[in-house]
Amino acid sequence: MSSSKKDRRRTPPPDPEPLPGLIDAHTHLAACGGRTAEDVRAILDHAEAVGVSQVVTVADDMVDARWAVAAAHWDARAFAAVGLHPTHAADLDDAARAELEEMSGDERVVAIGETGLDYYWTTRSYDCADPAVQRDAFAWHIDLAKRTGKALMIHNREADRDLLDVLAAEGSPETVVMHCFSGDRAIAAECVDRNYYLSFSGTVTFGNSDELRAAADITPAELMLVETDAPFLTPHPYRGQPNQSYCVPYTARVLAAVKGLDEQETARILGANARRAYSLPLR
Ligand SMILES: [Zn+2]
Ligand SMILES: [Zn+2]
């Protein structure tokens, strides 16, 4: 890698113009460096300074789930989602189930996940769970979301059809969030029919994402969320640089443009949607 590319990977994007009322519907605080109360506070202070007043921090594996719950207790602006990422679905043994069930009863835990199907890594990573194992773990998380009444946080990579079929077969929980929505217009329409939330990340700002913007365009504003999935998927024109919750306004402005809505109004709607989806208190 050239040194200028390395520099870019380390250089955070500049602060966007503030856009009050936003919530980051899906981030990973620990992976962004938030592993102590002080570091979490610094990340959330930065976000709040540009209008991002609350975040949902999401677990990938069991260690991450413990970090997420801890962060949600350290800082009133953070809420947690707990579960095993589909690539780690093979870790869902009896001990993991028991611990996730216990965590899911915590009042700071607002969602179950991220769970779902990932067919990208099955052929590219030797330790990625097989599709059949992913499916069983997904069904277990769906059931946990129903039992707890919390939102189901869906991860979907290259598995649109199977993912929607599993949800239909198992029966959707009351609230389903399609995190980092990546489908086309037809998949978006199907999700809208089912009243799922479509959460858009920085990918909707990328130059080659015309179909994704078309999917956003047909999504009713009331079913839209905005997220970073930080530290990944930094919005254009800062792609490849480190992402954090303070970057949400960049993506929210693109969603406003796609919908032809005023930026402030868009931020207000997106924030209200996240509060409704995750039953968050007003701040
Ligand atoms: Zn994901
Ligand atoms: Zn994620």
# chains A, B, ... in the order shown; residues from 1 in each chain; ligands from 1
>>> residues_near_ligand(ligand="ligand 2", cutoff="8 Å", atoms="only C-alpha atoms and all ligand atoms", output="list in words")
His26, Thr27, His28, Val58, Ala59, Asp60, Glu114, His155, His179, Cys180, Asp229 and Ala230 of chain A
>>> residues_near_ligand(ligand="ligand 1", cutoff="12 Å", atoms="only C-alpha atoms and all ligand atoms", output="ChimeraX atom specification")
/A:25-28,57-61,81,83-88,113-118,120-121,153-158,177-182,199-201,227-233
>>> closest_residue(among="A:Asp210, A:Asp91, A:Asp162, A:Asp193", to="A:Leu223", atoms="only C-alpha atoms")
A:Asp193
>>> closest_residue(among="A:Ala111, A:Leu167, A:Met62, A:Leu29", to="A:Ala145", atoms="only C-alpha atoms")
A:Ala111
>>> select_by_dssp(residues="stretch 137-215 of chain A", states="alpha helix (DSSP H)", output="ChimeraX atom specification")
/A:137-148,160-170,185-193,210-215
>>> write_last_selection(atoms="N, CA and C atoms", output="JSON list (two decimals), in the first residue's frame")
[["chain", "number", "residue", "atom", "x", "y", "z"],
["A", 137, "ALA", "N", -29.21, -20.44, 13.47],
["A", 137, "ALA", "CA", -28.93, -19.37, 14.43],
["A", 137, "ALA", "C", -29.87, -18.18, 14.18],
["A", 138, "PHE", "N", -30.13, -17.90, 12.92],
["A", 138, "PHE", "CA", -31.05, -16.81, 12.56],
["A", 138, "PHE", "C", -32.43, -17.09, 13.15],
["A", 139, "ALA", "N", -32.92, -18.32, 12.98],
["A", 139, "ALA", "CA", -34.24, -18.68, 13.51],
["A", 139, "ALA", "C", -34.27, -18.50, 15.03],
["A", 140, "TRP", "N", -33.18, -18.85, 15.69],
["A", 140, "TRP", "CA", -33.13, -18.70, 17.16],
["A", 140, "TRP", "C", -33.22, -17.22, 17.54],
["A", 141, "HIS", "N", -32.48, -16.36, 16.83],
["A", 141, "HIS", "CA", -32.52, -14.91, 17.11],
["A", 141, "HIS", "C", -33.92, -14.34, 16.82],
["A", 142, "ILE", "N", -34.56, -14.80, 15.76],
["A", 142, "ILE", "CA", -35.93, -14.34, 15.44],
["A", 142, "ILE", "C", -36.85, -14.65, 16.61],
["A", 143, "ASP", "N", -36.72, -15.87, 17.12],
["A", 143, "ASP", "CA", -37.56, -16.28, 18.25],
["A", 143, "ASP", "C", -37.26, -15.44, 19.49],
["A", 144, "LEU", "N", -35.98, -15.15, 19.74],
["A", 144, "LEU", "CA", -35.62, -14.34, 20.91],
["A", 144, "LEU", "C", -36.22, -12.93, 20.79],
["A", 145, "ALA", "N", -36.19, -12.37, 19.59],
["A", 145, "ALA", "CA", -36.77, -11.04, 19.39],
["A", 145, "ALA", "C", -38.27, -11.07, 19.69],
["A", 146, "LYS", "N", -38.93, -12.13, 19.27],
["A", 146, "LYS", "CA", -40.37, -12.23, 19.55],
["A", 146, "LYS", "C", -40.63, -12.38, 21.04],
["A", 147, "ARG", "N", -39.83, -13.21, 21.71],
["A", 147, "ARG", "CA", -40.06, -13.44, 23.14],
["A", 147, "ARG", "C", -39.80, -12.19, 23.96],
["A", 148, "THR", "N", -38.84, -11.36, 23.54],
["A", 148, "THR", "CA", -38.49, -10.17, 24.32],
["A", 148, "THR", "C", -39.24, -8.93, 23.85],
["A", 160, "ASP", "N", -30.49, -12.08, -0.24],
["A", 160, "ASP", "CA", -31.82, -11.45, -0.20],
["A", 160, "ASP", "C", -32.98, -12.46, -0.13],
["A", 161, "ARG", "N", -33.02, -13.36, -1.13],
["A", 161, "ARG", "CA", -34.19, -14.24, -1.26],
["A", 161, "ARG", "C", -34.31, -15.19, -0.05],
["A", 162, "ASP", "N", -33.20, -15.86, 0.29],
["A", 162, "ASP", "CA", -33.26, -16.81, 1.41],
["A", 162, "ASP", "C", -33.62, -16.09, 2.70],
["A", 163, "LEU", "N", -33.06, -14.89, 2.88],
["A", 163, "LEU", "CA", -33.30, -14.15, 4.11],
["A", 163, "LEU", "C", -34.79, -13.82, 4.27],
["A", 164, "LEU", "N", -35.39, -13.31, 3.21],
["A", 164, "LEU", "CA", -36.82, -12.98, 3.29],
["A", 164, "LEU", "C", -37.67, -14.23, 3.45],
["A", 165, "ASP", "N", -37.23, -15.34, 2.84],
["A", 165, "ASP", "CA", -37.97, -16.59, 2.98],
["A", 165, "ASP", "C", -37.91, -17.15, 4.40],
["A", 166, "VAL", "N", -36.72, -17.08, 5.02],
["A", 166, "VAL", "CA", -36.60, -17.55, 6.41],
["A", 166, "VAL", "C", -37.50, -16.71, 7.32],
["A", 167, "LEU", "N", -37.47, -15.39, 7.13],
["A", 167, "LEU", "CA", -38.32, -14.52, 7.96],
["A", 167, "LEU", "C", -39.80, -14.85, 7.78],
["A", 168, "ALA", "N", -40.19, -15.12, 6.53],
["A", 168, "ALA", "CA", -41.60, -15.45, 6.29],
["A", 168, "ALA", "C", -41.95, -16.79, 6.92],
["A", 169, "ALA", "N", -41.04, -17.76, 6.81],
["A", 169, "ALA", "CA", -41.31, -19.10, 7.36],
["A", 169, "ALA", "C", -41.38, -19.08, 8.88],
["A", 170, "GLU", "N", -40.47, -18.31, 9.50],
["A", 170, "GLU", "CA", -40.45, -18.27, 10.98],
["A", 170, "GLU", "C", -41.52, -17.32, 11.52],
["A", 185, "ARG", "N", -34.72, -2.36, -5.99],
["A", 185, "ARG", "CA", -36.07, -1.82, -5.78],
["A", 185, "ARG", "C", -37.08, -2.92, -5.42],
["A", 186, "ALA", "N", -36.96, -4.09, -6.06],
["A", 186, "ALA", "CA", -37.92, -5.16, -5.81],
["A", 186, "ALA", "C", -37.82, -5.66, -4.37],
["A", 187, "ILE", "N", -36.59, -5.81, -3.88],
["A", 187, "ILE", "CA", -36.41, -6.27, -2.49],
["A", 187, "ILE", "C", -36.89, -5.18, -1.53],
["A", 188, "ALA", "N", -36.60, -3.91, -1.86],
["A", 188, "ALA", "CA", -37.07, -2.81, -1.01],
["A", 188, "ALA", "C", -38.59, -2.83, -0.93],
["A", 189, "ALA", "N", -39.25, -3.03, -2.08],
["A", 189, "ALA", "CA", -40.71, -3.02, -2.10],
["A", 189, "ALA", "C", -41.27, -4.15, -1.23],
["A", 190, "GLU", "N", -40.60, -5.30, -1.28],
["A", 190, "GLU", "CA", -41.06, -6.43, -0.46],
["A", 190, "GLU", "C", -40.90, -6.12, 1.04],
["A", 191, "CYS", "N", -39.79, -5.50, 1.40],
["A", 191, "CYS", "CA", -39.56, -5.11, 2.80],
["A", 191, "CYS", "C", -40.60, -4.08, 3.25],
["A", 192, "VAL", "N", -40.89, -3.12, 2.37],
["A", 192, "VAL", "CA", -41.87, -2.08, 2.70],
["A", 192, "VAL", "C", -43.25, -2.73, 2.91],
["A", 193, "ASP", "N", -43.60, -3.67, 2.04],
["A", 193, "ASP", "CA", -44.87, -4.42, 2.18],
["A", 193, "ASP", "C", -44.99, -5.06, 3.55],
["A", 210, "ASP", "N", -26.52, 3.74, -7.78],
["A", 210, "ASP", "CA", -27.78, 4.28, -8.32],
["A", 210, "ASP", "C", -28.98, 3.41, -7.97],
["A", 211, "GLU", "N", -28.82, 2.08, -8.04],
["A", 211, "GLU", "CA", -29.96, 1.21, -7.74],
["A", 211, "GLU", "C", -30.35, 1.31, -6.26],
["A", 212, "LEU", "N", -29.35, 1.45, -5.40],
["A", 212, "LEU", "CA", -29.64, 1.58, -3.97],
["A", 212, "LEU", "C", -30.37, 2.90, -3.69],
["A", 213, "ARG", "N", -29.96, 3.98, -4.39],
["A", 213, "ARG", "CA", -30.68, 5.25, -4.22],
["A", 213, "ARG", "C", -32.12, 5.13, -4.76],
["A", 214, "ALA", "N", -32.28, 4.35, -5.82],
["A", 214, "ALA", "CA", -33.64, 4.12, -6.33],
["A", 214, "ALA", "C", -34.47, 3.35, -5.30],
["A", 215, "ALA", "N", -33.84, 2.41, -4.62],
["A", 215, "ALA", "CA", -34.53, 1.67, -3.55],
["A", 215, "ALA", "C", -34.92, 2.62, -2.42]]
>>> atom_distance(atom1="atom CA of A:Tyr246", atom2="atom CA of A:Gly105")
29.0 Å
